[in-house]
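This is protein-v4.tsv. It holds TSV, N, CA and C atoms.
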chain	number	residue	atom	x	y	z
A	1	MET	N	-107.07	189.58	-103.18
A	1	MET	CA	-108.21	188.82	-103.67
A	1	MET	C	-109.28	189.79	-104.14
A	2	THR	N	-110.23	189.24	-104.86
A	2	THR	CA	-111.26	190.09	-105.46
A	2	THR	C	-112.64	189.72	-104.93
A	3	THR	N	-113.63	190.41	-105.45
A	3	THR	CA	-115.02	190.21	-105.04
A	3	THR	C	-115.53	188.84	-105.48
A	4	THR	N	-116.32	188.20	-104.61
A	4	THR	CA	-116.88	186.89	-104.91
A	4	THR	C	-118.28	187.05	-105.50
A	5	LYS	N	-118.51	186.42	-106.63
A	5	LYS	CA	-119.81	186.42	-107.29
A	5	LYS	C	-120.17	184.96	-107.53
A	6	TYR	N	-121.28	184.51	-106.95
A	6	TYR	CA	-121.68	183.11	-107.09
A	6	TYR	C	-122.34	182.88	-108.44
A	7	ILE	N	-122.01	181.74	-109.06
A	7	ILE	CA	-122.53	181.38	-110.37
A	7	ILE	C	-122.87	179.90	-110.38
A	8	GLU	N	-123.65	179.49	-111.37
A	8	GLU	CA	-124.07	178.09	-111.46
A	8	GLU	C	-122.94	177.19	-111.95
A	9	ILE	N	-122.21	177.66	-112.96
A	9	ILE	CA	-121.14	176.86	-113.55
A	9	ILE	C	-120.01	177.78	-114.01
A	10	ILE	N	-118.80	177.29	-113.90
A	10	ILE	CA	-117.64	178.08	-114.33
A	10	ILE	C	-117.28	177.70	-115.76
A	11	THR	N	-117.22	178.69	-116.62
A	11	THR	CA	-116.81	178.51	-118.01
A	11	THR	C	-115.68	179.51	-118.29
A	12	PHE	N	-114.99	179.31	-119.41
A	12	PHE	CA	-113.96	180.29	-119.78
A	12	PHE	C	-114.59	181.66	-119.98
A	13	ASP	N	-115.77	181.71	-120.59
A	13	ASP	CA	-116.44	183.00	-120.78
A	13	ASP	C	-116.69	183.68	-119.44
A	14	GLU	N	-117.11	182.90	-118.45
A	14	GLU	CA	-117.39	183.46	-117.12
A	14	GLU	C	-116.11	183.97	-116.47
A	15	ILE	N	-115.02	183.23	-116.60
A	15	ILE	CA	-113.74	183.68	-116.06
A	15	ILE	C	-113.33	185.00	-116.72
A	16	ILE	N	-113.42	185.07	-118.03
A	16	ILE	CA	-113.06	186.28	-118.78
A	16	ILE	C	-113.95	187.44	-118.37
A	17	ASN	N	-115.26	187.22	-118.35
A	17	ASN	CA	-116.20	188.31	-118.01
A	17	ASN	C	-115.98	188.83	-116.59
A	18	GLN	N	-115.79	187.92	-115.64
A	18	GLN	CA	-115.58	188.37	-114.26
A	18	GLN	C	-114.25	189.11	-114.12
A	19	ALA	N	-113.21	188.63	-114.81
A	19	ALA	CA	-111.92	189.33	-114.75
A	19	ALA	C	-112.05	190.74	-115.33
A	20	LEU	N	-112.80	190.87	-116.42
A	20	LEU	CA	-113.00	192.20	-117.01
A	20	LEU	C	-113.81	193.10	-116.07
A	21	GLU	N	-114.82	192.53	-115.42
A	21	GLU	CA	-115.62	193.30	-114.46
A	21	GLU	C	-114.77	193.79	-113.29
A	22	GLN	N	-113.75	193.03	-112.94
A	22	GLN	CA	-112.93	193.34	-111.77
A	22	GLN	C	-111.53	193.83	-112.15
A	23	LYS	N	-111.35	194.26	-113.39
A	23	LYS	CA	-110.03	194.62	-113.88
A	23	LYS	C	-109.36	195.74	-113.08
A	24	GLU	N	-110.11	196.70	-112.60
A	24	GLU	CA	-109.53	197.79	-111.82
A	24	GLU	C	-108.98	197.27	-110.50
A	25	GLU	N	-109.76	196.41	-109.85
A	25	GLU	CA	-109.33	195.81	-108.58
A	25	GLU	C	-108.11	194.90	-108.79
A	26	ILE	N	-108.13	194.14	-109.89
A	26	ILE	CA	-107.00	193.26	-110.22
A	26	ILE	C	-105.74	194.10	-110.46
A	27	ALA	N	-105.86	195.17	-111.23
A	27	ALA	CA	-104.71	196.04	-111.51
A	27	ALA	C	-104.17	196.65	-110.22
A	28	GLN	N	-105.06	197.07	-109.34
A	28	GLN	CA	-104.64	197.63	-108.06
A	28	GLN	C	-103.91	196.57	-107.23
A	29	ASN	N	-104.40	195.33	-107.27
A	29	ASN	CA	-103.74	194.23	-106.56
A	29	ASN	C	-102.33	194.00	-107.10
A	30	PHE	N	-102.17	194.10	-108.44
A	30	PHE	CA	-100.84	193.98	-109.04
A	30	PHE	C	-99.92	195.07	-108.49
A	31	LEU	N	-100.38	196.31	-108.51
A	31	LEU	CA	-99.54	197.42	-108.05
A	31	LEU	C	-99.13	197.25	-106.59
A	32	GLU	N	-100.08	196.87	-105.75
A	32	GLU	CA	-99.79	196.69	-104.33
A	32	GLU	C	-98.82	195.52	-104.09
A	33	THR	N	-99.00	194.44	-104.85
A	33	THR	CA	-98.13	193.28	-104.70
A	33	THR	C	-96.72	193.57	-105.21
A	34	ILE	N	-96.62	194.28	-106.33
A	34	ILE	CA	-95.32	194.66	-106.87
A	34	ILE	C	-94.59	195.53	-105.85
A	35	GLU	N	-95.29	196.48	-105.27
A	35	GLU	CA	-94.68	197.36	-104.27
A	35	GLU	C	-94.24	196.56	-103.04
A	36	LYS	N	-95.07	195.65	-102.61
A	36	LYS	CA	-94.77	194.84	-101.42
A	36	LYS	C	-93.49	194.02	-101.61
A	37	TYR	N	-93.28	193.48	-102.79
A	37	TYR	CA	-92.15	192.60	-103.05
A	37	TYR	C	-91.04	193.25	-103.88
A	38	ARG	N	-91.05	194.57	-103.98
A	38	ARG	CA	-90.05	195.28	-104.77
A	38	ARG	C	-88.64	194.87	-104.33
A	39	GLY	N	-87.82	194.49	-105.30
A	39	GLY	CA	-86.46	194.08	-105.00
A	39	GLY	C	-86.32	192.61	-104.63
A	40	GLU	N	-87.45	191.97	-104.37
A	40	GLU	CA	-87.42	190.55	-103.97
A	40	GLU	C	-87.82	189.64	-105.14
A	41	TYR	N	-88.87	190.03	-105.87
A	41	TYR	CA	-89.36	189.26	-107.01
A	41	TYR	C	-89.56	190.18	-108.21
A	42	VAL	N	-89.49	189.61	-109.41
A	42	VAL	CA	-89.79	190.38	-110.63
A	42	VAL	C	-90.93	189.75	-111.42
A	43	TYR	N	-91.33	188.53	-111.08
A	43	TYR	CA	-92.43	187.86	-111.77
A	43	TYR	C	-93.65	187.82	-110.85
A	44	PHE	N	-94.78	188.30	-111.39
A	44	PHE	CA	-96.03	188.31	-110.64
A	44	PHE	C	-97.11	187.69	-111.51
A	45	THR	N	-98.00	186.92	-110.89
A	45	THR	CA	-99.02	186.21	-111.65
A	45	THR	C	-100.41	186.54	-111.15
A	46	LEU	N	-101.35	186.36	-112.07
A	46	LEU	CA	-102.78	186.44	-111.76
A	46	LEU	C	-103.34	185.05	-111.97
A	47	ILE	N	-103.95	184.49	-110.92
A	47	ILE	CA	-104.62	183.20	-111.09
A	47	ILE	C	-106.10	183.37	-110.81
A	48	ALA	N	-106.88	182.55	-111.50
A	48	ALA	CA	-108.31	182.43	-111.24
A	48	ALA	C	-108.46	181.18	-110.38
A	49	ASP	N	-108.77	181.38	-109.11
A	49	ASP	CA	-108.95	180.28	-108.16
A	49	ASP	C	-110.41	179.84	-108.26
A	50	LEU	N	-110.64	178.60	-108.67
A	50	LEU	CA	-111.99	178.09	-108.95
A	50	LEU	C	-112.48	177.29	-107.76
A	51	ASN	N	-113.67	177.67	-107.25
A	51	ASN	CA	-114.18	177.08	-106.02
A	51	ASN	C	-115.65	176.71	-106.13
A	52	LYS	N	-116.10	175.87	-105.20
A	52	LYS	CA	-117.51	175.51	-105.10
A	52	LYS	C	-117.89	175.51	-103.62
A	53	ASN	N	-118.96	176.24	-103.29
A	53	ASN	CA	-119.46	176.29	-101.92
A	53	ASN	C	-120.05	174.93	-101.57
A	54	SER	N	-119.55	174.29	-100.53
A	54	SER	CA	-119.99	172.94	-100.19
A	54	SER	C	-121.44	172.88	-99.71
A	55	LEU	N	-121.97	173.96	-99.19
A	55	LEU	CA	-123.36	173.97	-98.72
A	55	LEU	C	-124.36	174.28	-99.83
A	56	THR	N	-124.07	175.34	-100.59
A	56	THR	CA	-125.04	175.77	-101.61
A	56	THR	C	-124.76	175.16	-102.97
A	57	LYS	N	-123.59	174.58	-103.15
A	57	LYS	CA	-123.14	173.99	-104.42
A	57	LYS	C	-122.94	175.03	-105.51
A	58	GLU	N	-122.96	176.31	-105.14
A	58	GLU	CA	-122.69	177.36	-106.11
A	58	GLU	C	-121.19	177.49	-106.32
A	59	CYS	N	-120.81	177.86	-107.51
A	59	CYS	CA	-119.40	178.04	-107.86
A	59	CYS	C	-119.03	179.51	-107.74
A	60	TYR	N	-117.74	179.76	-107.56
A	60	TYR	CA	-117.26	181.14	-107.57
A	60	TYR	C	-115.79	181.16	-107.95
A	61	ILE	N	-115.37	182.31	-108.45
A	61	ILE	CA	-114.01	182.52	-108.91
A	61	ILE	C	-113.41	183.63	-108.06
A	62	THR	N	-112.21	183.40	-107.55
A	62	THR	CA	-111.47	184.43	-106.85
A	62	THR	C	-110.20	184.71	-107.65
A	63	PHE	N	-109.96	185.96	-107.95
A	63	PHE	CA	-108.75	186.33	-108.68
A	63	PHE	C	-107.67	186.71	-107.68
A	64	MET	N	-106.51	186.07	-107.80
A	64	MET	CA	-105.43	186.28	-106.84
A	64	MET	C	-104.17	186.73	-107.56
A	65	VAL	N	-103.59	187.82	-107.09
A	65	VAL	CA	-102.32	188.32	-107.61
A	65	VAL	C	-101.28	188.11	-106.52
A	66	ASP	N	-100.16	187.52	-106.91
A	66	ASP	CA	-99.07	187.33	-105.96
A	66	ASP	C	-97.78	187.11	-106.75
A	67	SER	N	-96.68	186.94	-106.04
A	67	SER	CA	-95.44	186.61	-106.73
A	67	SER	C	-95.64	185.25	-107.39
A	68	GLU	N	-94.89	185.01	-108.45
A	68	GLU	CA	-95.03	183.74	-109.14
A	68	GLU	C	-94.74	182.57	-108.20
A	69	ILE	N	-93.81	182.75	-107.30
A	69	ILE	CA	-93.45	181.69	-106.34
A	69	ILE	C	-94.63	181.42	-105.41
A	70	ASP	N	-95.17	182.45	-104.77
A	70	ASP	CA	-96.26	182.26	-103.80
A	70	ASP	C	-97.53	181.73	-104.45
A	71	ASN	N	-97.87	182.21	-105.65
A	71	ASN	CA	-99.06	181.70	-106.33
A	71	ASN	C	-98.87	180.24	-106.75
A	72	GLY	N	-97.63	179.80	-106.88
A	72	GLY	CA	-97.35	178.42	-107.23
A	72	GLY	C	-97.74	177.44	-106.14
A	73	TYR	N	-97.95	177.94	-104.92
A	73	TYR	CA	-98.31	177.07	-103.80
A	73	TYR	C	-99.81	177.03	-103.52
A	74	VAL	N	-100.62	177.70	-104.32
A	74	VAL	CA	-102.07	177.66	-104.11
A	74	VAL	C	-102.55	176.25	-104.41
A	75	MET	N	-103.22	175.64	-103.46
A	75	MET	CA	-103.57	174.22	-103.56
A	75	MET	C	-104.90	173.97	-104.28
A	76	ASP	N	-105.77	174.95	-104.34
A	76	ASP	CA	-107.07	174.76	-104.99
A	76	ASP	C	-106.90	174.63	-106.50
A	77	PHE	N	-107.98	174.22	-107.17
A	77	PHE	CA	-107.98	174.14	-108.63
A	77	PHE	C	-107.94	175.56	-109.16
A	78	ASN	N	-106.98	175.87	-110.02
A	78	ASN	CA	-106.86	177.24	-110.51
A	78	ASN	C	-106.23	177.26	-111.90
A	79	LEU	N	-106.37	178.40	-112.53
A	79	LEU	CA	-105.78	178.65	-113.85
A	79	LEU	C	-104.95	179.93	-113.78
A	80	LYS	N	-103.75	179.88	-114.32
A	80	LYS	CA	-102.94	181.09	-114.40
A	80	LYS	C	-103.41	181.86	-115.62
A	81	LEU	N	-103.79	183.12	-115.42
A	81	LEU	CA	-104.29	183.95	-116.51
A	81	LEU	C	-103.24	184.89	-117.08
A	82	MET	N	-102.24	185.23	-116.26
A	82	MET	CA	-101.31	186.26	-116.70
A	82	MET	C	-100.05	186.23	-115.84
A	83	THR	N	-98.92	186.45	-116.47
A	83	THR	CA	-97.66	186.66	-115.76
A	83	THR	C	-97.11	188.00	-116.18
A	84	LEU	N	-96.70	188.78	-115.22
A	84	LEU	CA	-96.13	190.10	-115.47
A	84	LEU	C	-94.70	190.12	-114.93
A	85	CYS	N	-93.75	190.43	-115.79
A	85	CYS	CA	-92.35	190.56	-115.38
A	85	CYS	C	-92.03	192.05	-115.29
A	86	THR	N	-91.74	192.52	-114.10
A	86	THR	CA	-91.50	193.95	-113.91
A	86	THR	C	-90.20	194.41	-114.57
A	87	ASP	N	-89.26	193.49	-114.81
A	87	ASP	CA	-88.02	193.86	-115.50
A	87	ASP	C	-88.24	194.25	-116.95
A	88	THR	N	-89.38	193.86	-117.51
A	88	THR	CA	-89.69	194.12	-118.92
A	88	THR	C	-90.10	195.57	-119.16
A	89	TYR	N	-90.54	196.26	-118.11
A	89	TYR	CA	-91.10	197.60	-118.26
A	89	TYR	C	-90.36	198.60	-117.36
A	90	ALA	N	-90.35	199.85	-117.80
A	90	ALA	CA	-89.81	200.91	-116.96
A	90	ALA	C	-90.74	201.09	-115.76
A	91	GLU	N	-90.17	201.48	-114.63
A	91	GLU	CA	-90.96	201.61	-113.41
A	91	GLU	C	-92.14	202.56	-113.58
A	92	ASP	N	-91.94	203.66	-114.33
A	92	ASP	CA	-93.03	204.63	-114.50
A	92	ASP	C	-94.13	204.13	-115.44
A	93	GLU	N	-93.86	203.04	-116.19
A	93	GLU	CA	-94.88	202.44	-117.05
A	93	GLU	C	-95.90	201.64	-116.25
A	94	LEU	N	-95.47	201.11	-115.11
A	94	LEU	CA	-96.32	200.21	-114.34
A	94	LEU	C	-97.34	200.99	-113.52
A	95	ASN	N	-98.41	201.37	-114.19
A	95	ASN	CA	-99.51	202.06	-113.53
A	95	ASN	C	-100.80	201.28	-113.79
A	96	LYS	N	-101.85	201.69	-113.15
A	96	LYS	CA	-103.12	200.95	-113.23
A	96	LYS	C	-103.62	200.81	-114.67
A	97	GLY	N	-103.60	201.88	-115.43
A	97	GLY	CA	-104.09	201.84	-116.81
A	97	GLY	C	-103.28	200.90	-117.68
A	98	PHE	N	-101.97	200.91	-117.51
A	98	PHE	CA	-101.08	200.05	-118.27
A	98	PHE	C	-101.36	198.58	-117.96
A	99	ILE	N	-101.49	198.26	-116.67
A	99	ILE	CA	-101.76	196.88	-116.27
A	99	ILE	C	-103.13	196.42	-116.75
A	100	ILE	N	-104.12	197.30	-116.72
A	100	ILE	CA	-105.45	196.95	-117.26
A	100	ILE	C	-105.32	196.61	-118.74
A	101	GLY	N	-104.55	197.39	-119.49
A	101	GLY	CA	-104.33	197.11	-120.91
A	101	GLY	C	-103.70	195.75	-121.14
A	102	LEU	N	-102.68	195.41	-120.35
A	102	LEU	CA	-102.04	194.09	-120.46
A	102	LEU	C	-103.04	192.97	-120.14
A	103	LEU	N	-103.84	193.16	-119.10
A	103	LEU	CA	-104.84	192.17	-118.72
A	103	LEU	C	-105.87	191.98	-119.83
A	104	GLU	N	-106.34	193.07	-120.40
A	104	GLU	CA	-107.31	192.97	-121.49
A	104	GLU	C	-106.73	192.23	-122.69
A	105	GLU	N	-105.45	192.47	-123.00
A	105	GLU	CA	-104.79	191.74	-124.10
A	105	GLU	C	-104.75	190.25	-123.82
A	106	GLU	N	-104.38	189.86	-122.61
A	106	GLU	CA	-104.31	188.44	-122.26
A	106	GLU	C	-105.69	187.79	-122.30
A	107	LEU	N	-106.71	188.50	-121.81
A	107	LEU	CA	-108.06	187.96	-121.82
A	107	LEU	C	-108.61	187.85	-123.25
A	108	ASP	N	-108.22	188.79	-124.13
A	108	ASP	CA	-108.60	188.70	-125.54
A	108	ASP	C	-108.02	187.44	-126.17
A	109	LYS	N	-106.75	187.13	-125.86
A	109	LYS	CA	-106.12	185.92	-126.37
A	109	LYS	C	-106.85	184.67	-125.88
A	110	LEU	N	-107.20	184.66	-124.59
A	110	LEU	CA	-107.92	183.52	-124.03
A	110	LEU	C	-109.29	183.36	-124.69
A	111	LYS	N	-109.98	184.48	-124.88
A	111	LYS	CA	-111.30	184.42	-125.53
A	111	LYS	C	-111.18	183.87	-126.95
A	112	GLU	N	-110.17	184.31	-127.68
A	112	GLU	CA	-109.98	183.83	-129.05
A	112	GLU	C	-109.72	182.31	-129.07
A	113	MET	N	-108.95	181.83	-128.10
A	113	MET	CA	-108.62	180.41	-128.05
A	113	MET	C	-109.75	179.52	-127.56
A	114	THR	N	-110.72	180.11	-126.84
A	114	THR	CA	-111.77	179.29	-126.24
A	114	THR	C	-113.16	179.52	-126.84
A	115	THR	N	-113.23	180.36	-127.85
A	115	THR	CA	-114.51	180.62	-128.51
A	115	THR	C	-114.57	179.83	-129.82
A	116	PRO	N	-115.61	179.01	-129.98
A	116	PRO	CA	-115.73	178.24	-131.24
A	116	PRO	C	-115.81	179.17	-132.44
A	117	LYS	N	-115.16	178.76	-133.52
A	117	LYS	CA	-115.19	179.52	-134.78
A	117	LYS	C	-116.42	179.11	-135.56
A	118	ASN	N	-117.01	180.07	-136.26
A	118	ASN	CA	-118.17	179.75	-137.12
A	118	ASN	C	-117.66	179.01	-138.36
A	119	LYS	N	-118.20	177.83	-138.57
A	119	LYS	CA	-117.82	177.06	-139.76
A	119	LYS	C	-118.97	177.13	-140.75
A	120	GLU	N	-118.68	177.64	-141.91
A	120	GLU	CA	-119.74	177.78	-142.93
A	120	GLU	C	-119.52	176.82	-144.06
Rewrite the coordinates I just gave you, this time as structure tokens.
Amino acid sequence: MTTTKYIEIITFDEIINQALEQKEEIAQNFLETIEKYRGEYVYFTLIADLNKNSLTKECYITFMVDSEIDNGYVMDFNLKLMTLCTDTYAEDELNKGFIIGLLEEELDKLKEMTTPKNKE
């Protein structure tokens, strides 16, 4: 899991910005999870778990990396941001910098799909 930052409202921009702010921690979580399940799973996912504090009514996003199977059982409202298949890459390719690059590519795609186009 990642650092919790309380916000007034959750938007796609906020999800993207927070994921980029925490990209190093997210990449490290991927590496640790891949190592933990080596030989057991090849698909790993990043989900944005969307929450609201019942007392303060503030919202927050927690980024969770786990096997695709285990993340499938998360009961809270969430969005899958990325799936990584370790069979697609050589073992020596899977390092923090490489995973950050993949994450940035996926977040760029999300930003493009959720940002209104200027109509002239």
Find the residues near segment 82-96 of chain A: any atom within 8 Å, counting all atoms listed in the file, skip ones fewer than 2 places away on the same chain, and give them as a PyMOL selection string.
chain A and resi 23-24+26-28+31+41-48+68+79-80+98-103+106-107
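When atom CA of Gly39 of chain A is paired with atom N of Phe63 of chain A, their separation reads 25.0 Å.
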In terms of the shortest atom-to-atom distance over only C-alpha atoms, which of A:Cys59, A:Asp49, A:Ser54, A:Lys36 is closest to Val74 of chain A?
A:Asp49
Report as a PyMOL selection string: the residues of chain A with a DSSP assignment of alpha helix (DSSP H), based on the backbone of this structure.
chain A and resi 12-21+23-36+68-71+96-114
I'd like to know which residues of chain A are strand (DSSP E) (by DSSP, run on the backbone); could you write them as an MDAnalysis selection string?
chainID A and resid 43:52 59:67 78:85
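When atom CA of Arg38 of chain A is paired with atom N of Glu104 of chain A, their separation reads 22.7 Å.
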Counting only N, CA and C atoms, the option among A:Ile61, A:Leu81, A:Met75, A:Leu110 closest to Thr3 of chain A
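Among the listed residues, the smallest separation from Thr3 of chain A belongs to A:Ile61.
Distances to Lys111 of chain A were evaluated for A:Thr2, A:Thr11, A:Asn78, A:Asn71 using only C-alpha atoms, and the minimum falls at A:Thr11.
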Min atom-atom distance to Lys5 of chain A from the set A:Thr62, A:Thr33, A:Asn118, A:Thr56, counting only C-alpha atoms, belongs to A:Thr62
May I ask for the distance between atom N of Met64 of chain A and atom C of Pro116 of chain A, given in Å to one decimal place?
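Calculated distance between atom N of Met64 of chain A and atom C of Pro116 of chain A is 27.2 Å.
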Using only C-alpha atoms, which of the listed residues (A:Gly97, A:Ile34, A:Thr4, A:Asn53) sits closest to Ser67 of chain A?
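Closest to Ser67 of chain A of all the choices is A:Ile34.
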